[in-house]
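*Asks:* Okay, so here is coords-v1.txt, and as you'll see once you scroll down, it has compact mmCIF, C-alpha atoms.
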# COMPACT_ATOMS: atom_id res chain seq x y z
CA MET A 247 18.63 19.55 -25.10
CA ASN A 248 16.17 17.20 -26.86
CA ILE A 249 12.45 17.16 -26.14
CA PHE A 250 12.72 13.86 -24.26
CA LEU A 251 15.32 15.03 -21.76
CA GLY A 252 13.60 18.40 -21.39
CA GLY A 253 10.30 16.63 -20.79
CA PHE A 254 11.91 14.47 -18.12
CA TYR A 255 13.17 17.53 -16.22
CA VAL A 256 9.77 19.23 -16.38
CA LEU A 257 8.06 16.06 -15.18
CA CYS A 258 10.45 15.74 -12.24
CA ILE A 259 9.57 19.29 -11.12
CA LEU A 260 5.83 18.64 -11.50
CA CYS A 261 6.14 15.32 -9.67
CA ALA A 262 7.98 16.92 -6.73
CA ILE A 263 5.44 19.76 -6.45
CA LEU A 264 2.52 17.33 -6.61
CA PHE A 265 4.12 14.96 -4.09
CA PHE A 266 4.58 17.65 -1.44
CA TYR A 267 1.13 19.11 -2.17
CA THR A 268 -0.41 15.67 -1.72
CA ARG A 269 1.38 15.22 1.59
CA SER A 270 0.04 18.57 2.81
CA LYS A 271 -3.55 17.64 1.86
CA THR A 272 -3.62 14.09 3.22
CA GLN A 273 -3.58 13.16 6.87
CA ALA A 274 -0.48 11.30 8.03
CA VAL A 275 -1.01 7.80 9.44
CA THR A 276 0.19 7.61 13.06
CA ASP A 277 -0.72 3.97 13.79
CA ALA A 278 2.65 2.32 14.48
CA GLY A 279 1.22 -1.14 13.80
CA PHE A 280 -0.04 -0.12 10.37
CA GLN A 281 3.23 1.59 9.51
CA GLN A 282 5.14 -1.59 10.36
CA PHE A 283 2.69 -3.70 8.33
CA GLN A 284 3.00 -1.36 5.33
CA ARG A 285 6.79 -1.41 5.59
CA THR A 286 6.88 -5.21 5.77
CA TYR A 287 4.80 -5.50 2.59
CA MET A 288 6.50 -2.70 0.66
CA ILE A 289 10.05 -4.02 1.14
CA VAL A 290 9.14 -7.46 -0.19
CA TYR A 291 6.95 -6.12 -2.99
CA LEU A 292 9.57 -3.67 -4.23
CA LEU A 293 12.25 -6.36 -4.20
CA ALA A 294 9.91 -8.57 -6.25
CA MET A 295 9.39 -5.74 -8.74
CA ALA A 296 13.13 -5.02 -8.82
CA GLY A 297 13.73 -8.63 -9.81
CA ASP A 298 11.37 -8.08 -12.72
CA TRP A 299 12.64 -4.65 -13.80
CA LEU A 300 16.30 -5.71 -13.76
CA GLN A 301 15.56 -8.22 -16.52
CA GLY A 302 13.38 -6.12 -18.81
CA PRO A 303 15.85 -3.74 -20.52
CA HIS A 304 18.20 -6.43 -21.87
CA VAL A 305 15.99 -9.39 -22.77
CA TYR A 306 15.81 -8.47 -26.45
CA ALA A 307 19.50 -7.50 -26.60
CA LEU A 308 20.55 -10.82 -25.00
CA TYR A 309 18.52 -12.86 -27.49
CA ALA A 310 19.94 -10.80 -30.34
CA SER A 311 23.50 -11.35 -29.12
CA TYR A 312 22.83 -15.09 -29.30
CA GLY A 313 22.03 -14.68 -32.99
CA MET A 314 18.27 -15.25 -32.68
CA THR A 315 16.18 -14.07 -35.62
CA THR A 316 13.47 -11.47 -35.10
CA HIS A 317 10.84 -14.18 -35.64
CA GLN A 318 12.45 -16.43 -33.00
CA ILE A 319 12.46 -13.56 -30.51
CA GLU A 320 8.77 -12.90 -31.22
CA ILE A 321 8.02 -16.59 -30.55
CA LEU A 322 9.86 -16.39 -27.22
CA PHE A 323 7.83 -13.33 -26.18
CA VAL A 324 4.58 -14.99 -27.24
CA ALA A 325 5.54 -18.06 -25.18
CA GLY A 326 5.86 -15.89 -22.08
CA PHE A 327 2.43 -14.33 -22.51
CA GLY A 328 0.94 -17.71 -23.41
CA SER A 329 2.23 -19.43 -20.28
CA SER A 330 0.92 -16.57 -18.16
CA MET A 331 -2.48 -17.01 -19.82
CA ILE A 332 -2.72 -20.79 -19.42
CA VAL A 333 -0.66 -21.91 -16.42
CA GLY A 334 -1.33 -18.73 -14.45
CA THR A 335 -4.95 -19.69 -13.85
CA VAL A 336 -3.99 -22.93 -12.12
CA VAL A 337 -1.30 -21.15 -10.10
CA GLY A 338 -3.97 -18.76 -8.80
CA SER A 339 -5.98 -21.68 -7.45
CA PHE A 340 -2.83 -23.04 -5.79
CA ALA A 341 -2.40 -19.70 -4.02
CA ASP A 342 -5.93 -19.81 -2.57
CA LYS A 343 -5.59 -23.44 -1.44
CA TYR A 344 -1.94 -23.80 -0.42
CA GLY A 345 -1.18 -20.24 0.67
CA ARG A 346 -0.49 -16.81 -0.81
CA ARG A 347 2.87 -16.54 0.97
CA ASN A 348 3.98 -19.88 -0.49
CA ASN A 349 2.98 -18.64 -3.93
CA CYS A 350 5.06 -15.48 -3.47
CA ILE A 351 8.05 -17.70 -2.65
CA LEU A 352 7.24 -19.76 -5.75
CA TYR A 353 7.39 -16.53 -7.77
CA GLY A 354 10.97 -15.95 -6.65
CA ILE A 355 11.97 -19.55 -7.39
CA LEU A 356 10.42 -19.66 -10.87
CA TYR A 357 11.71 -16.25 -11.91
CA GLY A 358 15.13 -17.10 -10.49
CA ALA A 359 15.19 -20.30 -12.54
CA ALA A 360 14.23 -18.24 -15.61
CA CYS A 361 17.29 -16.04 -14.95
CA ILE A 362 19.56 -19.11 -14.94
CA THR A 363 18.32 -20.19 -18.39
CA LYS A 364 19.65 -16.91 -19.84
CA HIS A 365 23.18 -18.33 -19.58
CA PHE A 366 22.44 -20.85 -22.35
CA ASN A 367 22.59 -19.98 -26.04
CA ASN A 368 19.90 -22.51 -26.93
CA PHE A 369 16.46 -21.63 -28.25
CA TRP A 370 14.63 -24.37 -26.35
CA VAL A 371 16.33 -23.63 -23.05
CA LEU A 372 15.43 -19.97 -23.49
CA MET A 373 11.88 -21.08 -24.31
CA ILE A 374 11.71 -22.89 -20.97
CA GLY A 375 12.93 -19.71 -19.31
CA ARG A 376 10.17 -17.67 -20.97
CA LEU A 377 7.56 -20.22 -19.83
CA LEU A 378 8.86 -20.05 -16.26
CA GLY A 379 8.96 -16.25 -16.39
CA GLY A 380 5.42 -15.99 -17.74
CA THR A 381 4.11 -18.22 -14.97
CA ALA A 382 6.01 -16.20 -12.36
CA THR A 383 4.54 -12.95 -13.71
CA SER A 384 1.00 -14.24 -13.22
CA ILE A 385 1.87 -14.92 -9.56
CA LEU A 386 3.32 -11.43 -9.12
CA TYR A 387 0.02 -9.77 -10.05
CA SER A 388 -2.24 -11.98 -7.94
CA ALA A 389 -0.64 -13.62 -4.90
CA PHE A 390 1.04 -10.47 -3.55
CA GLU A 391 -2.13 -8.39 -3.73
CA SER A 392 -4.26 -11.25 -2.34
CA TRP A 393 -1.91 -11.65 0.62
CA LEU A 394 -1.99 -7.90 1.31
CA VAL A 395 -5.78 -7.51 1.17
CA PHE A 396 -6.36 -10.50 3.47
CA GLU A 397 -3.82 -9.35 6.07
CA HIS A 398 -5.07 -5.76 5.92
CA ASN A 399 -8.67 -6.82 6.61
CA LYS A 400 -7.66 -9.44 9.16
CA ARG A 401 -5.81 -6.83 11.24
CA GLY A 402 -8.79 -4.47 11.16
CA TYR A 403 -7.16 -1.48 9.49
CA ASP A 404 -9.31 1.20 7.85
CA SER A 405 -10.29 0.24 4.29
CA GLU A 406 -9.17 3.66 3.00
CA LEU A 407 -5.61 2.90 4.14
CA LEU A 408 -5.49 0.03 1.66
CA GLY A 409 -5.63 2.53 -1.19
CA ASN A 410 -2.70 4.40 0.39
CA ILE A 411 -0.60 1.24 0.33
CA PHE A 412 -1.39 0.66 -3.33
CA SER A 413 -0.55 4.28 -4.14
CA HIS A 414 2.78 4.06 -2.29
CA ALA A 415 3.50 0.76 -4.04
CA ILE A 416 3.07 2.36 -7.48
CA LEU A 417 5.22 5.33 -6.45
CA GLY A 418 7.94 3.04 -5.12
CA ASN A 419 7.68 0.75 -8.14
CA SER A 420 8.43 3.67 -10.46
CA LEU A 421 11.51 4.63 -8.44
CA VAL A 422 12.64 1.00 -8.40
CA ALA A 423 12.16 0.77 -12.18
CA ILE A 424 14.40 3.79 -12.82
CA THR A 425 17.05 2.54 -10.37
CA ALA A 426 16.91 -1.00 -11.76
CA GLY A 427 17.40 0.33 -15.29
CA ILE A 428 20.57 2.19 -14.22
CA VAL A 429 21.91 -0.81 -12.28
CA ALA A 430 21.14 -3.22 -15.12
CA GLN A 431 22.89 -0.98 -17.64
CA TYR A 432 25.99 -0.72 -15.42
CA PHE A 433 26.31 -4.49 -15.02
CA ALA A 434 25.57 -5.10 -18.72
CA ASP A 435 28.35 -2.66 -19.68
CA MET A 436 30.79 -4.21 -17.22
CA PHE A 437 30.07 -7.93 -17.58
CA GLY A 438 27.78 -8.49 -20.58
CA PHE A 439 24.06 -8.89 -21.22
CA VAL A 440 23.69 -11.90 -18.88
CA ALA A 441 24.92 -9.97 -15.82
CA PRO A 442 21.62 -8.10 -15.10
CA PHE A 443 19.86 -11.47 -14.87
CA ASP A 444 22.39 -12.64 -12.26
CA VAL A 445 21.70 -9.48 -10.24
CA SER A 446 17.97 -10.17 -10.58
CA LEU A 447 18.48 -13.72 -9.31
CA THR A 448 20.25 -12.38 -6.22
CA VAL A 449 17.45 -9.89 -5.52
CA LEU A 450 14.78 -12.58 -5.94
CA MET A 451 16.53 -14.91 -3.51
CA LEU A 452 16.73 -12.07 -0.97
CA MET A 453 13.02 -11.45 -1.45
CA CYS A 454 12.22 -15.12 -0.80
CA GLY A 455 14.23 -15.02 2.42
CA LEU A 456 12.34 -11.96 3.68
CA VAL A 457 8.98 -13.53 2.84
CA VAL A 458 9.88 -16.63 4.86
CA CYS A 459 11.06 -14.55 7.84
CA THR A 460 8.50 -11.73 7.97
CA TRP A 461 5.22 -12.79 6.31
CA PRO A 462 2.55 -14.97 7.96
CA GLU A 463 0.67 -17.36 5.71
CA ASN A 464 -2.95 -16.81 4.64
CA TYR A 465 -5.34 -18.70 2.42
CA GLY A 466 -8.51 -18.39 0.43
CA ASP A 467 -10.33 -21.68 1.11
CA LYS A 468 -7.68 -24.33 1.79
CA THR A 469 -10.24 -27.12 2.30
CA ILE A 470 -11.60 -26.91 -1.24
CA HIS A 471 -10.39 -28.90 -4.24
CA ILE A 472 -8.49 -26.88 -6.86
CA GLY A 473 -11.03 -27.76 -9.56
CA GLN A 474 -13.86 -26.61 -7.31
CA SER A 475 -11.95 -23.40 -6.54
CA MET A 476 -11.78 -22.64 -10.24
CA GLN A 477 -15.50 -23.36 -10.61
CA ASN A 478 -16.26 -21.05 -7.68
CA ALA A 479 -14.16 -18.32 -9.29
CA VAL A 480 -16.13 -18.66 -12.53
CA GLN A 481 -19.37 -18.56 -10.56
CA ALA A 482 -18.24 -15.42 -8.71
CA ILE A 483 -17.60 -13.69 -12.03
CA LYS A 484 -20.93 -14.85 -13.48
CA SER A 485 -23.03 -13.98 -10.44
CA ASP A 486 -21.62 -10.51 -9.70
CA TYR A 487 -21.54 -8.07 -12.61
CA LYS A 488 -19.16 -5.81 -10.66
CA VAL A 489 -16.53 -8.56 -10.66
CA LEU A 490 -17.20 -9.16 -14.36
CA CYS A 491 -16.74 -5.46 -15.12
CA LEU A 492 -13.44 -5.40 -13.22
CA GLY A 493 -12.19 -8.35 -15.23
CA LEU A 494 -13.13 -6.78 -18.55
CA ILE A 495 -11.65 -3.39 -17.62
CA GLN A 496 -8.40 -4.98 -16.44
CA SER A 497 -8.05 -7.13 -19.57
CA LEU A 498 -8.80 -4.30 -21.98
CA PHE A 499 -6.59 -1.70 -20.28
CA GLU A 500 -3.62 -3.91 -19.44
CA GLY A 501 -3.79 -5.57 -22.85
CA SER A 502 -3.51 -2.12 -24.43
CA MET A 503 -0.74 -1.20 -22.00
CA TYR A 504 1.40 -4.24 -22.84
CA VAL A 505 0.92 -3.62 -26.56
CA PHE A 506 1.93 0.00 -25.96
CA VAL A 507 5.14 -1.21 -24.28
CA LEU A 508 6.04 -3.01 -27.51
CA GLU A 509 4.99 -0.18 -29.84
CA TRP A 510 6.09 3.11 -28.26
CA THR A 511 9.60 2.81 -29.68
CA PRO A 512 8.55 2.62 -33.37
CA ALA A 513 5.89 5.27 -32.75
CA LEU A 514 8.52 7.75 -31.54
CA THR A 515 11.32 6.73 -33.91
CA PRO A 516 11.72 8.78 -37.12
CA PRO A 517 11.27 6.74 -40.31
CA THR A 518 14.42 5.31 -41.88
CA PRO A 519 15.14 4.60 -45.55
CA ILE A 520 17.28 1.58 -44.69
CA SER A 521 15.69 -1.78 -45.50
CA PRO A 522 14.72 -3.90 -42.48
CA PRO A 523 17.31 -6.42 -41.20
CA HIS A 524 16.75 -10.16 -41.47
CA THR A 525 18.06 -11.07 -38.02
CA ALA A 526 18.19 -9.40 -34.65
CA ARG A 527 22.02 -9.40 -34.88
CA ASP A 528 21.72 -7.44 -38.14
CA LEU A 529 19.60 -4.94 -36.24
CA LEU A 530 22.38 -4.35 -33.73
CA ASP A 531 25.05 -4.17 -36.47
CA THR A 532 23.16 -1.46 -38.39
CA GLU A 533 22.07 0.52 -35.34
CA GLU A 534 24.53 3.35 -36.05
CA HIS A 535 22.87 3.95 -39.44
CA THR A 536 19.32 4.05 -38.04
CA PRO A 537 17.66 7.11 -36.48
CA THR A 538 17.61 6.52 -32.72
CA ILE A 539 15.79 7.93 -29.75
CA PRO A 540 17.07 8.21 -26.15
CA HIS A 541 15.26 5.20 -24.70
CA GLY A 542 16.62 5.80 -21.21
CA HIS A 543 15.33 9.37 -21.02
CA ILE A 544 11.95 8.37 -22.43
CA PHE A 545 11.60 5.41 -20.05
CA ALA A 546 12.53 7.62 -17.07
CA GLY A 547 9.91 10.15 -18.22
CA PHE A 548 7.29 7.40 -18.36
CA MET A 549 8.14 6.27 -14.82
CA VAL A 550 7.91 9.82 -13.43
CA SER A 551 4.53 10.19 -15.16
CA ILE A 552 3.34 7.02 -13.38
CA MET A 553 4.51 8.56 -10.08
CA ILE A 554 2.43 11.66 -10.88
CA GLY A 555 -0.56 9.41 -11.48
CA SER A 556 -0.12 7.66 -8.13
CA SER A 557 -0.08 11.05 -6.35
CA LEU A 558 -3.20 12.14 -8.23
CA PHE A 559 -4.90 8.93 -7.06
CA LYS A 560 -4.48 9.97 -3.42
CA LEU A 561 -5.93 13.42 -4.12
CA LEU A 562 -8.87 12.16 -6.18
CA SER A 563 -9.68 9.46 -3.61
CA LYS A 564 -10.32 12.20 -1.06
CA CYS A 565 -12.98 13.75 -3.31
CA THR A 566 -14.68 10.80 -4.99
CA THR A 567 -14.40 7.06 -5.61
CA PRO A 568 -12.26 5.13 -8.13
CA GLU A 569 -15.48 3.86 -9.69
CA SER A 570 -16.28 7.45 -10.65
CA PHE A 571 -12.99 9.12 -11.57
CA MET A 572 -11.67 6.17 -13.56
CA ARG A 573 -14.29 6.84 -16.25
CA PRO A 574 -12.63 10.01 -17.58
CA VAL A 575 -9.18 8.51 -16.94
CA LEU A 576 -9.89 5.58 -19.26
CA PHE A 577 -11.40 7.85 -21.89
CA VAL A 578 -8.36 10.15 -21.82
CA SER A 579 -6.09 7.12 -22.18
CA ALA A 580 -7.98 6.18 -25.35
CA LEU A 581 -7.43 9.67 -26.77
CA THR A 582 -3.70 9.54 -26.02
CA LEU A 583 -3.15 6.32 -27.96
CA ALA A 584 -4.99 7.81 -30.94
CA THR A 585 -2.19 10.35 -31.50
CA PRO A 586 0.10 8.02 -33.53
CA ILE A 587 -2.86 7.56 -35.89
CA LEU A 588 -3.89 11.21 -36.06
CA PHE A 589 -0.39 12.75 -35.99
CA PRO A 590 2.00 10.16 -37.48
CA GLY A 591 5.63 11.24 -37.29
CA ASN A 592 4.97 14.18 -34.94
CA GLN A 593 7.35 13.32 -32.11
CA LEU A 594 6.37 16.16 -29.78
CA ILE A 595 2.61 15.54 -29.81
CA ILE A 596 2.99 11.76 -29.61
CA PHE A 597 5.51 12.02 -26.75
CA ILE A 598 3.27 14.34 -24.73
CA ALA A 599 0.32 12.04 -25.34
CA PHE A 600 2.33 9.00 -24.22
CA LEU A 601 3.32 10.82 -21.02
CA VAL A 602 -0.37 11.50 -20.31
CA PHE A 603 -1.09 7.81 -20.97
CA GLU A 604 1.50 6.85 -18.35
CA VAL A 605 -0.17 9.22 -15.87
CA CYS A 606 -3.36 7.26 -16.56
CA VAL A 607 -1.41 4.05 -15.87
CA GLY A 608 -0.30 5.51 -12.52
CA LEU A 609 -3.95 6.16 -11.69
CA PHE A 610 -5.13 2.80 -12.99
CA TRP A 611 -3.02 0.46 -10.83
CA PRO A 612 -4.02 1.66 -7.33
CA SER A 613 -7.60 2.28 -8.47
CA MET A 614 -7.99 -1.22 -9.84
CA SER A 615 -6.38 -2.79 -6.77
CA THR A 616 -8.70 -0.80 -4.49
CA MET A 617 -11.80 -1.86 -6.43
CA ARG A 618 -10.71 -5.50 -6.47
CA GLY A 619 -10.31 -5.28 -2.70
CA LYS A 620 -13.97 -4.23 -2.47
CA TYR A 621 -15.63 -6.64 -4.87
CA VAL A 622 -13.55 -9.78 -5.47
CA PRO A 623 -14.48 -12.55 -2.96
CA GLU A 624 -11.71 -13.46 -0.52
CA GLU A 625 -12.12 -17.25 -0.85
CA THR A 626 -11.07 -17.30 -4.51
CA ARG A 627 -9.32 -13.94 -4.86
CA ALA A 628 -6.08 -15.15 -6.48
CA THR A 629 -7.95 -17.51 -8.82
CA VAL A 630 -10.35 -14.79 -9.98
CA MET A 631 -7.50 -12.33 -10.53
CA ASN A 632 -5.66 -14.84 -12.70
CA PHE A 633 -8.83 -15.55 -14.68
CA PHE A 634 -8.81 -11.84 -15.53
CA ARG A 635 -5.40 -12.32 -17.13
CA ILE A 636 -6.62 -14.90 -19.67
CA PRO A 637 -8.24 -12.40 -22.07
CA LEU A 638 -5.45 -9.91 -21.29
CA ASN A 639 -2.72 -12.25 -22.51
CA PHE A 640 -4.90 -13.46 -25.37
CA ILE A 641 -5.16 -9.87 -26.65
CA VAL A 642 -1.38 -9.41 -26.55
CA VAL A 643 -0.59 -12.78 -28.16
CA LEU A 644 -3.17 -12.24 -30.89
CA ILE A 645 -1.78 -8.83 -31.84
CA LEU A 646 1.83 -10.06 -31.72
CA LEU A 647 1.08 -12.95 -34.07
CA GLN A 648 -0.75 -10.89 -36.70
CA ASN A 649 2.21 -8.71 -37.81
CA LEU A 650 -0.14 -5.73 -38.12
CA LYS A 651 0.75 -2.19 -39.14
CA MET A 652 1.44 0.20 -36.28
CA SER A 653 -1.62 2.33 -37.10
CA VAL A 654 -3.86 -0.77 -36.96
CA ILE A 655 -2.35 -1.83 -33.62
CA PHE A 656 -2.98 1.57 -32.04
CA SER A 657 -6.50 1.61 -33.50
CA CYS A 658 -7.15 -1.69 -31.71
CA CYS A 659 -5.84 -0.20 -28.47
CA VAL A 660 -8.14 2.83 -28.83
CA VAL A 661 -11.14 0.55 -29.32
CA PHE A 662 -10.14 -1.55 -26.29
CA LEU A 663 -9.83 1.53 -24.08
CA ILE A 664 -13.16 2.97 -25.21
CA LEU A 665 -14.77 -0.37 -24.34
CA ALA A 666 -13.01 -0.24 -20.95
CA THR A 667 -14.54 3.22 -20.42
CA VAL A 668 -18.00 1.81 -21.15
CA PHE A 669 -17.53 -1.05 -18.68
CA GLN A 670 -16.17 1.37 -16.08
CA HIS A 671 -19.34 3.44 -16.40
CA TRP A 672 -21.38 0.25 -15.99
CA LEU A 673 -19.41 -0.57 -12.83
CA TYR A 674 -20.06 2.96 -11.55
CA GLN A 675 -23.80 2.52 -12.07
CA LEU A 676 -23.74 -0.85 -10.31
CA SER A 677 -21.83 0.62 -7.35
CA ARG A 678 -24.36 3.46 -7.03
CA THR A 679 -27.21 0.94 -7.06
CA ARG A 680 -25.51 -1.04 -4.31
CA LYS A 681 -25.03 2.07 -2.16
CA ALA A 682 -28.67 3.04 -2.67
CA GLU A 683 -29.82 -0.40 -1.54
CA ILE A 684 -27.65 -0.23 1.59
CA PHE A 685 -28.92 3.29 2.37
CA LYS A 686 -32.51 2.12 1.94
CA MET A 687 -31.98 -0.81 4.32
CA GLU A 688 -30.65 1.39 7.16
CA PRO A 689 -33.98 3.11 8.00
CA ASP A 690 -35.70 -0.29 7.85
CA LYS A 691 -33.27 -1.64 10.44
CA GLU A 692 -33.94 1.35 12.72
CA GLN A 693 -37.70 0.79 12.45
CA VAL A 694 -37.28 -2.85 13.41
CA VAL A 695 -35.24 -1.84 16.46
Please re-express this file's structure in structure tokens.
*Replies:*
Amino acid sequence: MNIFLGGFYVLCILCAILFFYTRSKTQAVTDAGFQQFQRTYMIVYLLAMAGDWLQGPHVYALYASYGMTTHQIEILFVAGFGSSMIVGTVVGSFADKYGRRNNCILYGILYGAACITKHFNNFWVLMIGRLLGGTATSILYSAFESWLVFEHNKRGYDSELLGNIFSHAILGNSLVAITAGIVAQYFADMFGFVAPFDVSLTVLMLMCGLVVCTWPENYGDKTIHIGQSMQNAVQAIKSDYKVLCLGLIQSLFEGSMYVFVLEWTPALTPPTPISPPHTARDLLDTEEHTPTIPHGHIFAGFMVSIMIGSSLFKLLSKCTTPESFMRPVLFVSALTLATPILFPGNQLIIFIAFLVFEVCVGLFWPSMSTMRGKYVPEETRATVMNFFRIPLNFIVVLILLQNLKMSVIFSCCVVFLILATVFQHWLYQLSRTRKAEIFKMEPDKEQVV
């Protein structure tokens, strides 16, 4: 048994123990209305994520099978991040003005169209697909959350229950990712690399149908002009340092996370004496001569680690606030990504560190969503959230275009995560100041009465 498969089994045991322990320590929600609301959101959200995960494992392999060079594939990936950075901001304003539900439907349509382009062995058609996919991704990480927060507050549910939904969403997303990987591999083996994208298209269309039938529409400020909405979003970021901190933390952490997604394979792969191939097809042809790692086992281990993180979020939220416990989480994540620099070639140490990083990712997502629910203004929520993605995508595109050494790339990630820790501490201080001001005002109100 290799260390990756053994690690996966150990993680599964730890995850199960932690899951049942968390259930025993947290009070079950008995509100039937809330349970129905959570179920309605989770089904749609997980289908949306399944549509994304079904595509991920075979994008590179599909491009390679079309004879694309490594450089062409890099350009296609950069195009996706670039479109998310540029077009995504405008799409966020559309969500606030024309409806978050409509934007979620638009996500399914755009991503479905991107799946169709995968049938064409043409660089420019595939480029259009990447642009559509990048735009759809920016919707996925703004409109869905904006719709949820608005509906949750509108229906008067306890604010603490919002964190539970985010935690369950991350837990479910990890299970969906593992399942989608298995399903995608089955269809790719049976029908070729395009087949997983056809399955994704089917799932996305199902998701759109459920959104139409089960979700009510909600808006930010539908009377405002889109240009003014963008100006208001900028003003919200400038006028509230808590919102600014959230944006910086999100950009720095997620930028490092997306770079990690591209770099964990070379970091865990033993060095090879074979000269690098000139095309992606050459890479597939010489695969049998190159040291390989069990990507499926490693990916499954990463997803279970994220599930562990989501369970830890529920436990930590009972003791303290995300503003507080995310400070050590971000610092630990910086230490984990320093291991490829400090221990190059040491698979065991690097693998353990990467698993811990994924636990941090599992803590990060629900924590960040909870804090955005507190501080980001409702009127321009989707627009502000997409503004946060501009520096995020810029970081990824910049690193991809530089052709840097792996040690330099991980060094950049460590610096980004340390900066994120600093901004998280700043946010914690600001939140404490706000609580102190509210506490000070309460006695004054009583005296007036």
*Asks:* Counting all atoms listed in the file, select every polymer residue within 10 Å of (13.6, 6.3, -22.0) as defined in the file's coordinates, and provide the selection as a list in words.
*Replies:*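 Those residues lying close to the given coordinates are Phe250, Leu251, Phe254, Ile424, Gly427, Thr511, Ile539, Pro540, His541, Gly542, His543, Ile544, Phe545, Ala546, Gly547, Phe548 and Met549 of chain A.
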*Asks:* Determine the nearest neighbour of Ser485 in chain A from the options A:Pro623, A:Gly466, A:Gly608, A:Gly297, counting only C-alpha atoms.
*Replies:*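 Comparing A:Pro623, A:Gly466, A:Gly608, A:Gly297 against Ser485 in chain A, the winner is A:Pro623.
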*Asks:* One number please: CA of Phe499 in chain A to CA of Thr268 in chain A, in Å, one decimal.
*Replies:*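 Interatomic distance here is 26.2 Å.
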*Asks:* Any idea what's packed within 7 Å of Tyr621 in chain A, counting only C-alpha atoms, ignoring anything in its chain fewer than 4 positions away? Could you give it as a ChimeraX atom specification?
*Replies:* /A:488-489,617
*Asks:* Nearest to Gly418 in chain A among A:Lys484, A:Arg285, A:Arg401, A:His471, with distances taken over only C-alpha atoms: which residue is it?
*Replies:* A:Arg285
*Asks:* For a quick check of understanding, using all atoms listed in the file, which of A:Lys364, A:Lys564, A:Arg376, A:Arg347 has the smallest distance to Leu456 in chain A?
*Replies:* A:Arg347
*Asks:* Each residue of range 580-664 of chain A lying at most 10 Å from range 316-326 of chain A should get a row with its shortest atom-to-atom pair and the distance in Å to one decimal, counting all atoms listed in the file; could you produce that, ordered by chain and increasing number, as a Markdown table?
*Replies:*
| residue | atom | partner | partner_atom | distance |
| --- | --- | --- | --- | --- |
| A:Asn639 | CA | A:Val324 | CA | 9.1 |
| A:Phe640 | CA | A:Val324 | CA | 9.8 |
| A:Val642 | CA | A:Val324 | CA | 8.2 |
| A:Val643 | CA | A:Val324 | CA | 5.7 |
| A:Leu644 | CA | A:Val324 | CA | 9.0 |
| A:Ile645 | CA | A:Val324 | CA | 10.0 |
| A:Leu646 | CA | A:Val324 | CA | 7.2 |
| A:Leu647 | CA | A:Val324 | CA | 7.9 |
*Asks:* Quick check, in Å to one decimal: how far apart do CA of Ile259 in chain A and CA of Leu594 in chain A lie?
*Replies:*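 CA of Ile259 in chain A sits 19.2 Å away from CA of Leu594 in chain A.
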*Asks:* What's the separation between CA of Thr363 in chain A and CA of Gly375 in chain A, in Å to one decimal place?
*Replies:*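 So the two atoms, CA of Thr363 in chain A and CA of Gly375 in chain A, lie 5.5 Å apart.
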*Asks:* What's around Val336 in chain A at 10 Å? Count all atoms listed in the file, leave out sequence neighbours fewer than 5 positions away in its own chain, and write the answer as a compact mmCIF listing (two decimals) with C-alpha atoms, in the coordinates of the input.
*Replies:*
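Generated output (part20.txt):
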# COMPACT_ATOMS: atom_id res chain seq x y z
CA MET A 331 -2.48 -17.01 -19.82
CA ALA A 341 -2.40 -19.70 -4.02
CA THR A 381 4.11 -18.22 -14.97
CA ILE A 472 -8.49 -26.88 -6.86
CA GLY A 473 -11.03 -27.76 -9.56
CA SER A 475 -11.95 -23.40 -6.54
CA MET A 476 -11.78 -22.64 -10.24
CA ALA A 628 -6.08 -15.15 -6.48
CA THR A 629 -7.95 -17.51 -8.82
CA ASN A 632 -5.66 -14.84 -12.70
CA PHE A 633 -8.83 -15.55 -14.68
*Asks:* Counting only C-alpha atoms, which of A:Gly409, A:Gly379, A:Gly493, A:Gly345 gets nearest to Lys468 in chain A?
*Replies:*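 Answer, going by the shortest atom-to-atom distance: A:Gly345.
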*Asks:* Nearest to Phe662 in chain A: which of A:Asn248, A:Ser579, A:Ser384, A:Asn399 is it, counting all atoms listed in the file?
*Replies:*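 Distance minimum relative to Phe662 in chain A lands on A:Ser579.
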*Asks:* Counting only C-alpha atoms, what is within 8 Å of Met295 in chain A, bar same-chain residues fewer than 2 positions away, as a VMD selection string?
*Replies:* chain A and resid 291 to 293 297 to 299 419 422 to 423
*Asks:* Those same residues - C-alpha atoms - I'd like them written as a short mmCIF file (atom, residue, chain, number, x, y, z; two decimals), keeping the file's coordinate frame.
*Replies:*
data_model
loop_
_atom_site.label_atom_id
_atom_site.label_comp_id
_atom_site.auth_asym_id
_atom_site.auth_seq_id
_atom_site.Cartn_x
_atom_site.Cartn_y
_atom_site.Cartn_z
CA TYR A 291 6.95 -6.12 -2.99
CA LEU A 292 9.57 -3.67 -4.23
CA LEU A 293 12.25 -6.36 -4.20
CA GLY A 297 13.73 -8.63 -9.81
CA ASP A 298 11.37 -8.08 -12.72
CA TRP A 299 12.64 -4.65 -13.80
CA ASN A 419 7.68 0.75 -8.14
CA VAL A 422 12.64 1.00 -8.40
CA ALA A 423 12.16 0.77 -12.18
#
*Asks:* Kindly indicate which residue among A:Trp393, A:Trp672, A:Tyr353, A:Phe589 lies nearest to Leu378 in chain A, using all atoms listed in the file for the distances.
*Replies:*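 The shortest atom-to-atom distance to Leu378 in chain A comes from A:Tyr353.
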*Asks:* Determine the axis-aligned bounding box of all atoms of range 498-514 of chain A present in the file, pad each side by 5 Å, and express its centre and edge lengths in Å to one decimal place as AutoDock Vina command-line options.
*Replies:*
--center_x 0.4 --center_y 1.1 --center_z -26.4 --size_x 28.4 --size_y 23.3 --size_z 23.9
